[in-house]
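Novice: To start, I am sharing the structure in question, which I have written as structure tokens.
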Amino acid sequence: MSASFAMLGVSNAVCDALERRGVSAPFPVQELVIGDVLAGRDVLVKSPTGSGKTLAFGVPIVDRIEAAGPRPAALVLAPTRELATQIVEELRDLAHSRALRITAVYGGVGLHKQSVDAARSHIVVATPGRLEDLLQRRAFSLAQIRILVLDEADRMLDMGFRPPVDRIVARCPRDRQTLFFSATLDGVAGKVATAYTHAAVVHTHGGAGRRSPSEIEHRFVAIGGADRVEALVGELSGERELALVFVRTKRGADRLVKRLDAHGVTAAAIHGNRSQRQREQALARFESGHVDTLVATDIAARGIDVEGISHVINFDPPADHDTYIHRIGRTGRAGRTGVGITLVAGPERAAVARLAGELGIAHGLTGAAEGERRRVEAGPGRPHQARRRSRPRRHSAPRA
């Protein structure tokens, strides 16, 4: 018999809140982690995005904090404002079931309201830069933090947040419980994880961040250098739901949106030069389906968790296999299927083939002639006119 949240030791109040959302059984990563967190142990968790890790740390945190206790009692560090806000949305009703307050702290909005809300909250979910701003202003203290979570820790380190994270961790009590979630525990991420935790239990789920072939189909499309936009338009014209397109640069994102518009494809861009309001509006239009194509840079897309993303397309190939994992992880989430497509011009072929090989993904790029455009591991040709697959009813399955 598969485990239930109650069998893992989760309180009736939180189980009832989960049931009201239609969540009755834990995902594998939740089943692995929740018992150890409830027992007060430090944990190191290697798990891909979309596996349900937000509830893996959120459910036991809510149960381990008392409403009458000091505030804030739990701190979750996240690399981007989008991820911070989505964690709060995912956990708000669970926190309320035990009379707890939770708030997000991130840049781009007014300091005063955030500082007041954070000081009154039991759980603070924050990006490192804005959190340091508030701590330097003495808006509140981390002296009572019982549980510290680092979510998507590897990407937080990749983005250059190691110094502020070190300073933030130093402000937390030494006897805290630390939960470290990352797509990889190798290299710098592994060293930091060991430094921040004590006698941690290590859990690995999903193997190098990859999904099973039944969940994500990987395609690599060899193109001529001048055919990249046309190849993208062809992919977007197929039967699909929402598509997330990755580019390397902010200017490249804006330029691609204009070029897609010239081909009759309506898209929105999200990147670091956009204001918080513009980013939220673009995400809202994308999530609602008013715009079915979102063009994003890697940093801006961190934390995007939108149901109905059937396709992730690498317009510009990722720099390394970790970036590939994080990009493609935006689809095939919570047990759903998805398609990951990478457009590959001649000079990029060797690097992409090597990246795919590191991940154990068949790519079929070896020996492809320069300028030849062919679909690898793909089905029959598609008509140019877009065919939208009917979007399933939205559900409240756990999201990372």
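By order of appearance in the structure tokens: chains A, B, ..., then residues from 1 within every chain, and ligands from 1 in the order shown.
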Could you pull out all residues of stretch 6-231 of chain A with a DSSP call of strand (DSSP E) and give them as a VMD selection string?
Specialist: chain A and resid 43 to 46 74 to 77 102 to 105 123 to 126 147 to 150 177 to 182 201 to 204 216 to 223
Novice: Might you pull out every residue within 8 Å of A:Arg41, with only C-alpha atoms counted and same-chain residues fewer than 6 positions away left off, and present them as a ChimeraX atom specification?
Specialist: /A:177-178,199-201
Novice: Quick one, how far is atom CA of A:Pro26 from atom CA of A:Leu283?
Specialist: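 So the answer is 27.9 Å.
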Novice: Find, counting only C-alpha atoms, the residue in A:Glu152, A:Val352, A:Leu135, A:Phe140 that gets nearest to A:Leu83.
Specialist: A:Glu152
Novice: Within 6 Å of stretch 54-67 of chain A, counting only C-alpha atoms, which residues show up once you throw out same-chain ones fewer than 5 positions away? Write them as a ChimeraX atom specification, please.
Specialist: /A:30,34,38,95,99-100,400
Novice: How far is it from atom CA of A:Arg336 to atom CA of A:Leu294, in Å with one decimal?
Specialist: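 Result for atom CA of A:Arg336 versus atom CA of A:Leu294: 19.6 Å, one decimal.
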Novice: Write out as JSON, numbers by chain the residues lying within 12 Å of A:Arg146, counting only C-alpha atoms and excluding same-chain residues fewer than 4 positions away.
Specialist: {"A": [37, 40, 41, 42, 61, 62, 64, 65, 66, 69, 70, 71, 72, 73, 74, 75, 76, 122, 123, 124, 142, 169, 171, 172, 173, 174, 175, 176, 177, 178, 179]}
Novice: Find the spatial neighbours of A:Asn273, counting only C-alpha atoms, within a cut-off of 10 Å - ignore same-chain residues fewer than 3 positions away - and output them as number ranges by chain.
Specialist: A: 250-251, 270, 276, 278-279, 300
Novice: May I have the residues within 12 Å of A:Ala253 as a list in words, using only C-alpha atoms and disregarding those fewer than 4 positions away in the same chain?
Specialist: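 Non-adjacent residues within range: Leu244, Val245, Phe246, Val247, Arg248, Thr249, Val257, Lys258, Arg259, Leu260, Ala267, Ala268, Ala269, Ile270, His271, Gly272, Asn273, Arg274, Thr293, Leu294, Val295, Ala296, Thr297, Asp298, Ala300, Ala301, Phe315 and Asp316 of chain A.
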Novice: Go ahead and write the selection's residues with N, CA and C atoms as a short mmCIF file (atom, residue, chain, number, x, y, z; two decimals), in the first residue's frame.
Specialist:
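For reference, again26.cif as written:
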data_model
loop_
_atom_site.label_atom_id
_atom_site.label_comp_id
_atom_site.auth_asym_id
_atom_site.auth_seq_id
_atom_site.Cartn_x
_atom_site.Cartn_y
_atom_site.Cartn_z
N LEU A 244 7.61 27.46 -23.83
CA LEU A 244 8.61 28.32 -23.20
C LEU A 244 9.88 28.24 -24.04
N VAL A 245 10.35 29.40 -24.53
CA VAL A 245 11.50 29.45 -25.44
C VAL A 245 12.66 30.13 -24.72
N PHE A 246 13.81 29.48 -24.71
CA PHE A 246 14.98 30.02 -24.01
C PHE A 246 15.97 30.65 -24.98
N VAL A 247 16.46 31.83 -24.59
CA VAL A 247 17.52 32.52 -25.32
C VAL A 247 18.62 32.90 -24.33
N ARG A 248 19.79 33.30 -24.85
CA ARG A 248 20.92 33.60 -23.97
C ARG A 248 20.84 34.99 -23.34
N THR A 249 20.37 35.98 -24.09
CA THR A 249 20.51 37.37 -23.64
C THR A 249 19.17 38.09 -23.56
N VAL A 257 11.03 38.18 -29.86
CA VAL A 257 9.58 38.44 -29.80
C VAL A 257 9.14 39.24 -31.03
N LYS A 258 9.93 40.23 -31.43
CA LYS A 258 9.59 41.02 -32.61
C LYS A 258 9.64 40.18 -33.88
N ARG A 259 10.63 39.30 -33.98
CA ARG A 259 10.76 38.47 -35.18
C ARG A 259 9.63 37.44 -35.24
N LEU A 260 9.22 36.92 -34.09
CA LEU A 260 8.09 36.00 -34.08
C LEU A 260 6.80 36.71 -34.48
N ALA A 267 4.00 36.51 -28.92
CA ALA A 267 4.81 36.05 -27.80
C ALA A 267 5.07 37.20 -26.84
N ALA A 268 5.49 36.85 -25.64
CA ALA A 268 5.90 37.83 -24.62
C ALA A 268 7.29 37.47 -24.16
N ALA A 269 8.03 38.48 -23.67
CA ALA A 269 9.39 38.26 -23.19
C ALA A 269 9.46 38.51 -21.69
N ILE A 270 10.34 37.76 -21.04
CA ILE A 270 10.59 37.98 -19.62
C ILE A 270 12.10 37.88 -19.38
N HIS A 271 12.66 38.94 -18.81
CA HIS A 271 14.09 38.98 -18.53
C HIS A 271 14.38 40.02 -17.47
N GLY A 272 15.65 40.12 -17.08
CA GLY A 272 16.03 40.95 -15.95
C GLY A 272 15.85 42.44 -16.13
N ASN A 273 15.75 42.91 -17.37
CA ASN A 273 15.56 44.34 -17.59
C ASN A 273 14.09 44.77 -17.51
N ARG A 274 13.21 43.81 -17.39
CA ARG A 274 11.79 44.13 -17.24
C ARG A 274 11.49 44.42 -15.77
N THR A 293 3.22 31.69 -26.04
CA THR A 293 4.66 31.54 -26.18
C THR A 293 5.36 32.57 -25.31
N LEU A 294 6.24 32.11 -24.43
CA LEU A 294 7.00 33.00 -23.55
C LEU A 294 8.47 32.83 -23.87
N VAL A 295 9.15 33.94 -24.17
CA VAL A 295 10.58 33.93 -24.47
C VAL A 295 11.32 34.42 -23.23
N ALA A 296 12.28 33.64 -22.75
CA ALA A 296 12.90 33.94 -21.46
C ALA A 296 14.39 33.70 -21.47
N THR A 297 15.09 34.44 -20.62
CA THR A 297 16.49 34.14 -20.32
C THR A 297 16.52 33.17 -19.15
N ASP A 298 17.67 32.53 -18.94
CA ASP A 298 17.77 31.51 -17.89
C ASP A 298 17.44 32.06 -16.51
N ALA A 300 15.76 34.79 -15.61
CA ALA A 300 14.38 35.24 -15.46
C ALA A 300 13.42 34.07 -15.35
N ALA A 301 13.75 32.94 -15.94
CA ALA A 301 12.84 31.80 -15.95
C ALA A 301 12.93 30.96 -14.69
N PHE A 315 16.04 27.87 -28.11
CA PHE A 315 16.39 28.62 -29.32
C PHE A 315 17.90 28.78 -29.38
N ASP A 316 18.49 29.15 -28.26
CA ASP A 316 19.95 29.12 -28.09
C ASP A 316 20.28 27.92 -27.21
#
Novice: From a DSSP calculation on the backbone, collect every residue of stretch 210-309 of chain A in helix (DSSP H, G or I) and output the set as number ranges by chain.
Specialist: A: 225-236, 250-262, 276-288, 298-301
Novice: When you look at A:Phe5 with a cut-off of 8 Å (counting only C-alpha atoms), what residues show up, excluding the ones that are within fewer than 3 positions of it in the same chain? I need them as a VMD selection string.
Specialist: chain A and resid 8 to 10 15 24 to 26
Novice: Would you save the residues from that selection as a PDB file, in the first residue's frame, using N, CA and C atoms?
Specialist:
ATOM      1  N   LEU A   8       2.953   9.438   7.012  1.00  0.00           N
ATOM      2  CA  LEU A   8       4.279  10.042   7.161  1.00  0.00           C
ATOM      3  C   LEU A   8       4.388  10.882   8.421  1.00  0.00           C
ATOM      4  N   GLY A   9       3.267  11.059   9.127  1.00  0.00           N
ATOM      5  CA  GLY A   9       3.271  11.829  10.370  1.00  0.00           C
ATOM      6  C   GLY A   9       2.752  13.239  10.244  1.00  0.00           C
ATOM      7  N   VAL A  10       2.141  13.583   9.109  1.00  0.00           N
ATOM      8  CA  VAL A  10       1.616  14.936   8.887  1.00  0.00           C
ATOM      9  C   VAL A  10       0.330  15.116   9.689  1.00  0.00           C
ATOM     10  N   CYS A  15      -3.154  17.686   6.501  1.00  0.00           N
ATOM     11  CA  CYS A  15      -3.736  16.677   5.610  1.00  0.00           C
ATOM     12  C   CYS A  15      -5.066  17.154   5.041  1.00  0.00           C
ATOM     13  N   SER A  24      -3.932  13.905  -2.253  1.00  0.00           N
ATOM     14  CA  SER A  24      -4.183  12.871  -1.254  1.00  0.00           C
ATOM     15  C   SER A  24      -2.986  11.964  -0.997  1.00  0.00           C
ATOM     16  N   ALA A  25      -2.103  11.841  -1.981  1.00  0.00           N
ATOM     17  CA  ALA A  25      -0.952  10.949  -1.839  1.00  0.00           C
ATOM     18  C   ALA A  25       0.330  11.703  -2.135  1.00  0.00           C
ATOM     19  N   PRO A  26       1.386  11.448  -1.365  1.00  0.00           N
ATOM     20  CA  PRO A  26       2.663  12.154  -1.597  1.00  0.00           C
ATOM     21  C   PRO A  26       3.367  11.674  -2.850  1.00  0.00           C
TER      22      PRO A  26
END
Novice: Determine the nearest neighbour of A:Ile304 from the options A:His326, A:Lys46, A:Arg255, A:Arg138, counting only C-alpha atoms.
Specialist: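 Result for the nearest residue to A:Ile304: A:His326.
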Novice: Hey, which of A:Ser47, A:Asp36, A:Arg349, A:Asp93 ends up closest to A:Leu18? Count only C-alpha atoms.
Specialist: A:Asp93
Novice: Which value, in Å to one decimal, gives the distance between atom CA of A:Thr266 and atom CA of A:Val291?
Specialist: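 Atom CA of A:Thr266 sits 6.4 Å away from atom CA of A:Val291.
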